[in-house]
$ cat input_18.txt   # compact mmCIF, C-alpha atoms and all ligand atoms
# COMPACT_ATOMS: atom_id res chain seq x y z
CA MET A 1 29.38 -4.79 -2.88
CA LYS A 2 25.95 -3.17 -3.12
CA LYS A 3 23.37 -5.51 -4.66
CA SER A 4 21.18 -3.67 -7.06
CA SER A 5 19.67 -5.94 -9.71
CA LEU A 6 16.43 -7.68 -8.86
CA SER A 7 16.18 -11.45 -8.49
CA SER A 8 14.53 -13.84 -6.03
CA ALA A 9 17.91 -14.57 -4.38
CA ALA A 10 18.82 -10.89 -4.04
CA ILE A 11 15.50 -10.26 -2.30
CA THR A 12 15.71 -13.14 0.20
CA ASP A 13 19.49 -13.17 0.86
CA ASN A 14 20.13 -12.48 4.60
CA LEU A 15 16.83 -10.64 4.83
CA GLY A 16 16.53 -11.16 8.57
CA THR A 17 12.72 -11.40 8.68
CA ARG A 18 10.86 -14.28 10.33
CA PHE A 19 8.66 -15.10 7.35
CA ILE A 20 7.78 -12.16 5.10
CA GLY A 21 10.01 -12.37 2.01
CA GLN A 22 11.70 -15.61 3.05
CA ARG A 23 10.21 -17.00 -0.16
CA ALA A 24 10.32 -14.66 -3.15
CA ILE A 25 9.22 -15.17 -6.73
CA TYR A 26 10.57 -12.65 -9.24
CA TYR A 27 9.17 -12.12 -12.72
CA PRO A 28 10.89 -9.61 -15.04
CA SER A 29 7.42 -8.95 -16.48
CA PHE A 30 3.99 -10.17 -15.33
CA PRO A 31 0.37 -9.06 -15.85
CA SER A 32 -0.43 -8.48 -12.13
CA THR A 33 1.50 -9.63 -9.04
CA ASN A 34 -1.79 -9.67 -7.07
CA ASP A 35 -3.14 -12.25 -9.53
CA ALA A 36 0.04 -14.34 -9.20
CA ALA A 37 -0.17 -14.09 -5.40
CA LYS A 38 -3.83 -15.16 -5.41
CA GLU A 39 -2.95 -18.24 -7.45
CA GLU A 40 -0.05 -19.04 -5.10
CA ALA A 41 -2.26 -18.58 -2.01
CA GLN A 42 -4.90 -20.90 -3.46
CA LYS A 43 -2.14 -23.50 -3.86
CA GLY A 44 -1.26 -23.04 -0.16
CA ALA A 45 1.93 -20.96 -0.51
CA VAL A 46 3.85 -20.43 2.72
CA GLU A 47 2.84 -17.26 4.61
CA GLY A 48 5.00 -14.29 3.70
CA THR A 49 5.63 -15.41 0.12
CA VAL A 50 6.28 -12.31 -1.97
CA ILE A 51 5.78 -11.93 -5.70
CA VAL A 52 7.76 -9.14 -7.36
CA ALA A 53 7.56 -8.00 -10.98
CA GLY A 54 10.06 -5.85 -12.87
CA GLU A 55 7.05 -4.45 -14.71
CA GLN A 56 3.33 -5.25 -14.85
CA THR A 57 1.42 -5.37 -18.09
CA ALA A 58 -2.09 -5.44 -16.52
CA GLY A 59 -1.63 -3.92 -13.06
CA ARG A 60 -4.85 -3.44 -11.09
CA GLY A 61 -5.77 -0.55 -8.81
CA ARG A 62 -8.51 0.18 -6.27
CA MET A 63 -12.13 0.71 -7.34
CA LYS A 64 -11.67 -1.41 -10.50
CA ARG A 65 -9.09 0.96 -11.98
CA GLY A 66 -5.86 -0.01 -13.72
CA TRP A 67 -2.41 0.65 -12.31
CA LEU A 68 0.59 1.65 -14.37
CA SER A 69 3.77 -0.29 -13.45
CA PRO A 70 6.46 0.38 -16.02
CA LYS A 71 10.10 -0.66 -15.55
CA GLY A 72 11.60 1.44 -12.76
CA SER A 73 8.58 1.05 -10.52
CA ILE A 74 8.04 -1.49 -7.73
CA ALA A 75 5.18 -3.96 -8.04
CA LEU A 76 4.97 -6.52 -5.28
CA SER A 77 2.38 -8.64 -3.50
CA ILE A 78 2.70 -10.33 -0.12
CA ILE A 79 0.63 -13.39 0.87
CA LEU A 80 -0.67 -13.47 4.46
CA TYR A 81 -3.07 -15.70 6.38
CA PRO A 82 -4.28 -13.29 9.09
CA GLU A 83 -7.04 -13.78 11.61
CA LEU A 84 -10.24 -12.13 10.38
CA ALA A 85 -10.01 -9.45 13.08
CA TYR A 86 -6.73 -8.16 11.61
CA LEU A 87 -7.94 -7.75 8.01
CA PRO A 88 -8.91 -4.05 8.38
CA SER A 89 -5.48 -3.32 9.88
CA LEU A 90 -3.63 -4.44 6.75
CA ILE A 91 -4.20 -1.06 5.07
CA MET A 92 -2.48 0.52 8.09
CA VAL A 93 0.41 -1.95 8.11
CA ALA A 94 1.02 -1.52 4.37
CA SER A 95 0.78 2.26 4.12
CA LEU A 96 2.82 2.88 7.26
CA GLY A 97 5.44 0.39 6.05
CA VAL A 98 5.74 2.22 2.74
CA ALA A 99 5.90 5.68 4.36
CA ARG A 100 8.61 4.50 6.78
CA CYS A 101 10.73 2.95 4.00
CA ILE A 102 10.46 6.05 1.83
CA GLU A 103 11.84 8.00 4.78
CA LYS A 104 14.55 5.42 5.57
CA VAL A 105 15.74 4.53 2.07
CA ALA A 106 15.10 7.77 0.16
CA ASP A 107 15.19 10.24 3.05
CA LEU A 108 11.95 11.85 1.82
CA LYS A 109 8.93 12.84 3.92
CA ALA A 110 5.89 10.76 3.00
CA GLU A 111 2.28 11.22 4.11
CA ILE A 112 -0.69 8.87 3.93
CA LYS A 113 -3.93 9.92 2.25
CA TRP A 114 -6.87 7.95 3.58
CA PRO A 115 -7.19 5.08 3.24
CA ASN A 116 -3.79 4.03 1.94
CA ASP A 117 -2.29 6.20 -0.79
CA VAL A 118 1.19 7.42 -0.01
CA LEU A 119 2.03 10.97 -1.08
CA ILE A 120 5.12 13.12 -1.33
CA ASN A 121 4.52 16.86 -1.63
CA GLN A 122 0.80 16.12 -2.14
CA LYS A 123 1.42 13.86 -5.15
CA LYS A 124 0.83 10.13 -5.23
CA VAL A 125 3.95 7.98 -5.13
CA CYS A 126 2.39 4.68 -4.05
CA GLY A 127 -0.90 2.82 -4.33
CA ILE A 128 -1.94 -0.20 -2.29
CA LEU A 129 -4.50 -2.84 -3.20
CA ILE A 130 -5.49 -5.31 -0.49
CA GLU A 131 -7.52 -8.30 -1.60
CA SER A 132 -8.76 -11.14 0.56
CA GLU A 133 -10.91 -14.22 0.45
CA VAL A 134 -13.03 -14.83 3.53
CA LYS A 135 -14.57 -18.21 4.27
CA GLY A 136 -17.03 -18.14 7.19
CA LYS A 137 -15.20 -16.68 10.18
CA ARG A 138 -11.73 -17.16 8.66
CA ALA A 139 -9.70 -15.18 6.19
CA ASP A 140 -8.62 -17.81 3.70
CA TYR A 141 -5.84 -15.49 2.57
CA ALA A 142 -5.03 -11.80 2.21
CA ILE A 143 -2.80 -10.19 -0.39
CA ILE A 144 -1.09 -6.86 0.16
CA GLY A 145 -0.30 -5.43 -3.28
CA ILE A 146 2.01 -2.43 -3.39
CA GLY A 147 2.94 -0.27 -6.37
CA ILE A 148 5.58 2.45 -5.94
CA ASN A 149 6.82 4.91 -8.53
CA VAL A 150 10.56 4.64 -7.90
CA ASN A 151 12.84 5.45 -10.83
CA LEU A 152 10.56 6.91 -13.47
CA LYS A 153 9.58 10.24 -14.93
CA PRO A 154 5.86 10.90 -14.33
CA SER A 155 5.92 13.37 -17.25
CA ALA A 156 6.43 10.39 -19.60
CA PHE A 157 2.99 9.07 -18.55
CA PRO A 158 0.30 11.68 -19.30
CA GLN A 159 -2.41 9.52 -17.67
CA ILE A 160 -0.83 10.02 -14.24
CA SER A 161 1.51 12.99 -14.58
CA PRO A 162 -0.81 15.68 -13.14
CA THR A 163 -1.27 13.84 -9.82
CA ALA A 164 1.72 11.48 -9.54
CA THR A 165 5.33 11.74 -8.50
CA SER A 166 8.19 9.28 -8.14
CA LEU A 167 11.09 8.91 -5.73
CA SER A 168 13.64 9.79 -8.43
CA GLN A 169 11.58 12.82 -9.44
CA GLU A 170 11.59 14.11 -5.85
CA LEU A 171 15.23 13.23 -5.15
CA GLY A 172 16.85 14.11 -8.47
CA ARG A 173 18.58 10.70 -8.58
CA ASP A 174 17.69 7.02 -8.82
CA ILE A 175 17.45 4.84 -5.75
CA SER A 176 17.88 1.07 -5.35
CA GLN A 177 14.62 -0.80 -5.93
CA LEU A 178 16.16 -3.77 -4.13
CA ASP A 179 16.92 -1.76 -0.98
CA MET A 180 13.37 -0.42 -1.03
CA ILE A 181 11.82 -3.88 -1.46
CA ARG A 182 13.91 -5.40 1.36
CA CYS A 183 13.03 -2.49 3.64
CA LEU A 184 9.32 -2.95 2.87
CA LEU A 185 9.39 -6.66 3.70
CA ALA A 186 11.07 -6.02 7.06
CA GLU A 187 8.91 -3.02 8.05
CA ILE A 188 5.66 -4.67 7.02
CA GLU A 189 6.55 -7.77 9.01
CA SER A 190 7.38 -5.77 12.10
CA LEU A 191 4.08 -3.82 11.88
CA TYR A 192 2.09 -7.01 11.18
CA LEU A 193 3.63 -8.78 14.16
CA ALA A 194 2.74 -5.81 16.37
CA LEU A 195 -1.00 -6.08 15.62
CA PRO A 196 -1.88 -8.48 18.47
CA SER A 197 -0.22 -6.22 21.06
CA GLY A 198 -2.79 -3.40 20.93
CA ASP A 199 -3.61 -0.28 18.98
CA ALA A 200 -0.11 1.14 18.38
CA VAL A 201 -0.25 0.52 14.61
CA TYR A 202 -3.68 2.17 14.34
CA LYS A 203 -2.47 5.20 16.31
CA GLN A 204 0.65 5.62 14.17
CA TRP A 205 -1.37 5.29 10.97
CA ARG A 206 -3.92 7.85 12.24
CA ASP A 207 -1.13 10.24 13.20
CA ASN A 208 0.45 9.97 9.73
CA LEU A 209 -2.77 10.70 7.82
CA ALA A 210 -2.54 13.93 5.84
CA THR A 211 -6.34 13.88 5.45
CA LEU A 212 -7.51 14.58 9.00
CA GLY A 213 -8.86 18.02 9.84
CA LYS A 214 -9.22 18.87 6.13
CA ARG A 215 -12.29 19.66 4.04
CA VAL A 216 -12.68 16.74 1.66
CA ARG A 217 -14.87 15.16 -0.98
CA VAL A 218 -15.14 11.38 -0.66
CA SER A 219 -16.37 9.36 -3.62
CA SER A 220 -17.43 5.84 -2.89
CA GLU A 221 -18.86 3.45 -5.48
CA GLU A 222 -22.42 4.66 -4.77
CA THR A 223 -22.26 8.19 -3.36
CA THR A 224 -20.17 11.31 -2.95
CA TYR A 225 -19.87 13.01 0.44
CA GLU A 226 -18.40 16.35 1.41
CA GLY A 227 -17.33 17.50 4.84
CA ILE A 228 -14.44 17.65 7.29
CA ALA A 229 -12.39 14.46 7.70
CA GLU A 230 -12.66 14.43 11.49
CA SER A 231 -11.04 11.15 12.44
CA VAL A 232 -10.60 7.49 11.62
CA ALA A 233 -11.94 4.53 13.54
CA SER A 234 -9.76 1.58 14.57
CA ASP A 235 -11.37 -0.50 11.79
CA GLY A 236 -9.85 1.96 9.28
CA SER A 237 -13.07 3.76 8.32
CA LEU A 238 -13.19 7.54 7.90
CA LEU A 239 -15.38 9.66 10.18
CA LEU A 240 -16.68 12.57 8.12
CA ARG A 241 -18.40 15.59 9.72
CA GLN A 242 -21.00 16.75 7.20
CA PRO A 243 -22.38 20.31 6.84
CA ASP A 244 -25.53 19.33 8.82
CA SER A 245 -23.19 18.29 11.71
CA SER A 246 -23.91 14.58 11.31
CA LEU A 247 -20.96 12.20 11.51
CA THR A 248 -20.81 9.62 8.70
CA LYS A 249 -18.64 6.52 8.82
CA ILE A 250 -17.16 5.72 5.38
CA VAL A 251 -15.59 2.33 4.84
CA ALA A 252 -14.14 2.77 1.33
CA GLY A 253 -13.74 5.63 -1.09
CA ASP A 254 -11.46 8.12 -2.80
CA VAL A 255 -10.61 11.36 -1.09
CA THR A 256 -10.03 14.70 -2.81
CA LEU A 257 -8.93 17.68 -0.72
CA ARG A 258 -11.26 20.68 -1.14
CA ASP A 259 -9.05 23.45 0.31
C1 LIG B 1 -4.43 2.07 -6.23
O1 LIG B 1 -3.95 3.10 -5.77
O2 LIG B 1 -5.41 2.09 -6.97
C2 LIG B 1 -3.80 0.75 -5.86
C3 LIG B 1 -2.72 0.32 -6.79
C4 LIG B 1 -2.08 -1.00 -6.40
C5 LIG B 1 -1.04 -1.46 -7.40
C6 LIG B 1 -0.31 -2.68 -6.94
S1 LIG B 1 1.12 -2.99 -7.91
C7 LIG B 1 1.30 -4.56 -7.20
C8 LIG B 1 -0.08 -5.15 -7.09
N1 LIG B 1 -0.47 -5.80 -8.33
C9 LIG B 1 -1.52 -5.18 -8.91
O3 LIG B 1 -2.05 -5.52 -9.99
N2 LIG B 1 -1.90 -4.13 -8.18
C10 LIG B 1 -1.08 -3.99 -6.98
$ encode --input "input_18.txt" --output "structure tokens" --more "lines below"
Ligand code: BTN
Amino acid sequence: MKKSSLSSAAITDNLGTRFIGQRAIYYPSFPSTNDAAKEEAQKGAVEGTVIVAGEQTAGRGRMKRGWLSPKGSIALSIILYPELAYLPSLIMVASLGVARCIEKVADLKAEIKWPNDVLINQKKVCGILIESEVKGKRADYAIIGIGINVNLKPSAFPQISPTATSLSQELGRDISQLDMIRCLLAEIESLYLALPSGDAVYKQWRDNLATLGKRVRVSSEETTYEGIAESVASDGSLLLRQPDSSLTKIVAGDVTLRD
């Protein structure tokens, strides 16, 4: 029988991962799974613990924005204890994991917009918020927070409807949130475990970026840049060719396509 309703047991049951998702905490409703994960990490939760919420009432996004997570969406946060050197790669692991699962579970083509938004047909279907606490040369913990619009109508949410889509909107039918969550846990683990073996994850992330080669505007907290998104470095930063031919390395920001 196909399991479809969300619960901690349904998430962990025969998951087949080594550690990600082997411990799951499910809340039907919670302010922010990243906040719950932070509290768990500070209490020393086992690596790979995942917090899932049926809905979030105070979801947080990048650049101090909010994130809408009504029922029908996925809101989850994974606790990791990576070596400091792997912290920049978590955006790659998370966005590639999401893009792969959208293709596997929903059979839809997904693209990544730098640094880690996932788009379908140029509209945002997923946002990722990575938060970490660094002590000296060690990452005390890192949280990968993922929000996916799964079974919801973007038109019901005027704040996001012009730029957002959902899997059900693209497919014309609902898909199993449970199947998507279990896929994410397995894919993210496999990408995370591949990090020490070289730059394969970076190369796949770079090759899945819809942004490269395009004329873009990048807004960071302090400045706005315009130019051609030429490439990305292995630390995840964007290399932007500006009109005066200089190459600027941008660590964080929001990209808007200009063409
Ligand atoms: C963004 O695009 O701005 C990132 C959005 C990240 C949302 C997810 S939902 C699960 C986790 N909990 C949060 O409060 N935020 C992240």
$ closest_residue --input "input_18.txt" --among "A:Asp35, A:Asp117, A:Glu189, A:Asp235" --to "Gln22 (chain A)" --atoms "only C-alpha atoms"
A:Glu189
$ residues_near_ligand --input "input_18.txt" --ligand "ligand LIG 1 (chain B)" --cutoff "7 Å" --atoms "all atoms listed in the file" --output "list in words"
Ser32, Thr33, Asn34, Asp35, Ala58, Gly59, Arg60, Gly61, Arg62, Met63, Arg65, Trp67, Ser69, Ala75, Leu76, Ser77, Asp117, Cys126, Gly127, Ile128, Leu129, Gly145, Ile146 and Gly147 of chain A
$ closest_residue --input "input_18.txt" --among "A:Arg241, A:Val125, A:Thr248, A:Val232" --to "Lys203 (chain A)" --atoms "only C-alpha atoms"
A:Val232
$ closest_residue --input "input_18.txt" --among "A:Ala85, A:Lys123, A:Gly253, A:Arg18" --to "Ser237 (chain A)" --atoms "all atoms listed in the file"
A:Gly253
$ axis_aligned_box --input "input_18.txt" --around "region 230-248 of chain A" --padding-each-side "5 Å" --output "lines of an AutoDock Vina configuration file"
center_x = -17.6
center_y = 9.9
center_z = 10.7
size_x = 25.8
size_y = 30.8
size_z = 17.7
$ closest_residue --input "input_18.txt" --among "A:Arg206, A:Ile78, A:Asn151, A:Ser219" --to "Arg173 (chain A)" --atoms "all atoms listed in the file"
A:Asn151
$ closest_residue --input "input_18.txt" --among "A:Gln159, A:Ala53, A:Gly48, A:Leu167" --to "Ala36 (chain A)" --atoms "only C-alpha atoms"
A:Ala53
$ closest_residue --input "input_18.txt" --among "A:Val50, A:Ala142, A:Met180, A:Ala41" --to "Glu103 (chain A)" --atoms "all atoms listed in the file"
A:Met180
$ atom_distance --input "input_18.txt" --atom1 "CA of Ser246 (chain A)" --atom2 "CA of Glu111 (chain A)"
27.4 Å
$ residues_near_point --input "input_18.txt" --point "(4.3, 16.0, 0.5)" --cutoff "12 Å" --atoms "only C-alpha atoms" --output "list of chain:residue names"
A:Ala99, A:Ile102, A:Glu103, A:Leu108, A:Lys109, A:Ala110, A:Glu111, A:Ile112, A:Lys113, A:Asp117, A:Val118, A:Leu119, A:Ile120, A:Asn121, A:Gln122, A:Lys123, A:Lys124, A:Val125, A:Thr163, A:Ala164, A:Thr165, A:Ser166, A:Leu167, A:Glu170, A:Asn208, A:Leu209, A:Ala210, A:Thr211
$ write_last_selection --input "input_18.txt" --atoms "C-alpha atoms" --output "PDB file, keeping the file's coordinate frame"
ATOM      1  CA  ALA A  99       5.900   5.680   4.360  1.00  0.00           C
ATOM      2  CA  ILE A 102      10.460   6.050   1.830  1.00  0.00           C
ATOM      3  CA  GLU A 103      11.840   8.000   4.780  1.00  0.00           C
ATOM      4  CA  LEU A 108      11.950  11.850   1.820  1.00  0.00           C
ATOM      5  CA  LYS A 109       8.930  12.840   3.920  1.00  0.00           C
ATOM      6  CA  ALA A 110       5.890  10.760   3.000  1.00  0.00           C
ATOM      7  CA  GLU A 111       2.280  11.220   4.110  1.00  0.00           C
ATOM      8  CA  ILE A 112      -0.690   8.870   3.930  1.00  0.00           C
ATOM      9  CA  LYS A 113      -3.930   9.920   2.250  1.00  0.00           C
ATOM     10  CA  ASP A 117      -2.290   6.200  -0.790  1.00  0.00           C
ATOM     11  CA  VAL A 118       1.190   7.420  -0.010  1.00  0.00           C
ATOM     12  CA  LEU A 119       2.030  10.970  -1.080  1.00  0.00           C
ATOM     13  CA  ILE A 120       5.120  13.120  -1.330  1.00  0.00           C
ATOM     14  CA  ASN A 121       4.520  16.860  -1.630  1.00  0.00           C
ATOM     15  CA  GLN A 122       0.800  16.120  -2.140  1.00  0.00           C
ATOM     16  CA  LYS A 123       1.420  13.860  -5.150  1.00  0.00           C
ATOM     17  CA  LYS A 124       0.830  10.130  -5.230  1.00  0.00           C
ATOM     18  CA  VAL A 125       3.950   7.980  -5.130  1.00  0.00           C
ATOM     19  CA  THR A 163      -1.270  13.840  -9.820  1.00  0.00           C
ATOM     20  CA  ALA A 164       1.720  11.480  -9.540  1.00  0.00           C
ATOM     21  CA  THR A 165       5.330  11.740  -8.500  1.00  0.00           C
ATOM     22  CA  SER A 166       8.190   9.280  -8.140  1.00  0.00           C
ATOM     23  CA  LEU A 167      11.090   8.910  -5.730  1.00  0.00           C
ATOM     24  CA  GLU A 170      11.590  14.110  -5.850  1.00  0.00           C
ATOM     25  CA  ASN A 208       0.450   9.970   9.730  1.00  0.00           C
ATOM     26  CA  LEU A 209      -2.770  10.700   7.820  1.00  0.00           C
ATOM     27  CA  ALA A 210      -2.540  13.930   5.840  1.00  0.00           C
ATOM     28  CA  THR A 211      -6.340  13.880   5.450  1.00  0.00           C
TER      29      THR A 211
END
$ atom_distance --input "input_18.txt" --atom1 "CA of Leu152 (chain A)" --atom2 "CA of Ile74 (chain A)"
10.5 Å
$ residues_around --input "input_18.txt" --residues "Val46 (chain A)" --least-positions-apart "5" --cutoff "10 Å" --atoms "all atoms listed in the file" --output "list of chain:residue names"
A:Phe19, A:Ile20, A:Gln22, A:Arg23, A:Glu40, A:Ala41, A:Ile79, A:Leu80, A:Tyr81
$ atom_distance --input "input_18.txt" --atom1 "CA of Val98 (chain A)" --atom2 "CA of Ile188 (chain A)"
8.1 Å
$ build_atoms --input "input_18.txt" --residues "region 232-256 of chain A" --atoms "N, CA and C atoms" --output "mmCIF file, keeping the file's coordinate frame"
data_model
loop_
_atom_site.group_PDB
_atom_site.id
_atom_site.type_symbol
_atom_site.label_atom_id
_atom_site.label_comp_id
_atom_site.auth_asym_id
_atom_site.auth_seq_id
_atom_site.Cartn_x
_atom_site.Cartn_y
_atom_site.Cartn_z
ATOM 1 N N VAL A 232 -10.448 8.842 12.174
ATOM 2 C CA VAL A 232 -10.600 7.490 11.620
ATOM 3 C C VAL A 232 -10.865 6.548 12.774
ATOM 4 N N ALA A 233 -11.660 5.521 12.510
ATOM 5 C CA ALA A 233 -11.940 4.530 13.540
ATOM 6 C C ALA A 233 -10.869 3.434 13.485
ATOM 7 N N SER A 234 -10.821 2.601 14.531
ATOM 8 C CA SER A 234 -9.760 1.580 14.570
ATOM 9 C C SER A 234 -9.988 0.486 13.524
ATOM 10 N N ASP A 235 -11.179 0.460 12.890
ATOM 11 C CA ASP A 235 -11.370 -0.500 11.790
ATOM 12 C C ASP A 235 -10.969 0.132 10.452
ATOM 13 N N GLY A 236 -10.373 1.332 10.488
ATOM 14 C CA GLY A 236 -9.850 1.960 9.280
ATOM 15 C C GLY A 236 -10.836 2.886 8.591
ATOM 16 N N SER A 237 -12.107 2.910 9.028
ATOM 17 C CA SER A 237 -13.070 3.760 8.320
ATOM 18 C C SER A 237 -12.881 5.231 8.678
ATOM 19 N N LEU A 238 -13.349 6.088 7.741
ATOM 20 C CA LEU A 238 -13.190 7.540 7.900
ATOM 21 C C LEU A 238 -14.442 8.117 8.548
ATOM 22 N N LEU A 239 -14.247 9.007 9.518
ATOM 23 C CA LEU A 239 -15.380 9.660 10.180
ATOM 24 C C LEU A 239 -15.474 11.073 9.620
ATOM 25 N N LEU A 240 -16.534 11.302 8.855
ATOM 26 C CA LEU A 240 -16.680 12.570 8.120
ATOM 27 C C LEU A 240 -17.768 13.418 8.757
ATOM 28 N N ARG A 241 -17.411 14.656 9.157
ATOM 29 C CA ARG A 241 -18.400 15.590 9.720
ATOM 30 C C ARG A 241 -19.040 16.333 8.559
ATOM 31 N N GLN A 242 -20.328 16.143 8.355
ATOM 32 C CA GLN A 242 -21.000 16.750 7.200
ATOM 33 C C GLN A 242 -21.563 18.130 7.564
ATOM 34 N N PRO A 243 -21.929 18.933 6.561
ATOM 35 C CA PRO A 243 -22.380 20.310 6.840
ATOM 36 C C PRO A 243 -23.554 20.371 7.810
ATOM 37 N N ASP A 244 -24.404 19.319 7.875
ATOM 38 C CA ASP A 244 -25.530 19.330 8.820
ATOM 39 C C ASP A 244 -25.108 18.824 10.206
ATOM 40 N N SER A 245 -23.796 18.709 10.430
ATOM 41 C CA SER A 245 -23.190 18.290 11.710
ATOM 42 C C SER A 245 -23.265 16.789 11.980
ATOM 43 N N SER A 246 -23.874 16.036 11.075
ATOM 44 C CA SER A 246 -23.910 14.580 11.310
ATOM 45 C C SER A 246 -22.526 13.992 11.029
ATOM 46 N N LEU A 247 -22.257 12.872 11.697
ATOM 47 C CA LEU A 247 -20.960 12.200 11.510
ATOM 48 C C LEU A 247 -21.215 10.915 10.731
ATOM 49 N N THR A 248 -20.584 10.804 9.550
ATOM 50 C CA THR A 248 -20.810 9.620 8.700
ATOM 51 C C THR A 248 -19.549 8.765 8.691
ATOM 52 N N LYS A 249 -19.769 7.453 8.826
ATOM 53 C CA LYS A 249 -18.640 6.520 8.820
ATOM 54 C C LYS A 249 -18.504 5.957 7.399
ATOM 55 N N ILE A 250 -17.351 6.163 6.768
ATOM 56 C CA ILE A 250 -17.160 5.720 5.380
ATOM 57 C C ILE A 250 -16.099 4.623 5.348
ATOM 58 N N VAL A 251 -16.490 3.499 4.795
ATOM 59 C CA VAL A 251 -15.590 2.330 4.840
ATOM 60 C C VAL A 251 -14.595 2.356 3.682
ATOM 61 N N ALA A 252 -15.055 2.771 2.487
ATOM 62 C CA ALA A 252 -14.140 2.770 1.330
ATOM 63 C C ALA A 252 -14.473 3.951 0.445
ATOM 64 N N GLY A 253 -13.475 4.526 -0.172
ATOM 65 C CA GLY A 253 -13.740 5.630 -1.090
ATOM 66 C C GLY A 253 -12.443 6.317 -1.488
ATOM 67 N N ASP A 254 -12.594 7.322 -2.322
ATOM 68 C CA ASP A 254 -11.460 8.120 -2.800
ATOM 69 C C ASP A 254 -11.596 9.516 -2.266
ATOM 70 N N VAL A 255 -10.546 10.040 -1.705
ATOM 71 C CA VAL A 255 -10.610 11.360 -1.090
ATOM 72 C C VAL A 255 -9.968 12.405 -1.991
ATOM 73 N N THR A 256 -10.641 13.541 -2.160
ATOM 74 C CA THR A 256 -10.030 14.700 -2.810
ATOM 75 C C THR A 256 -10.066 15.842 -1.804
#
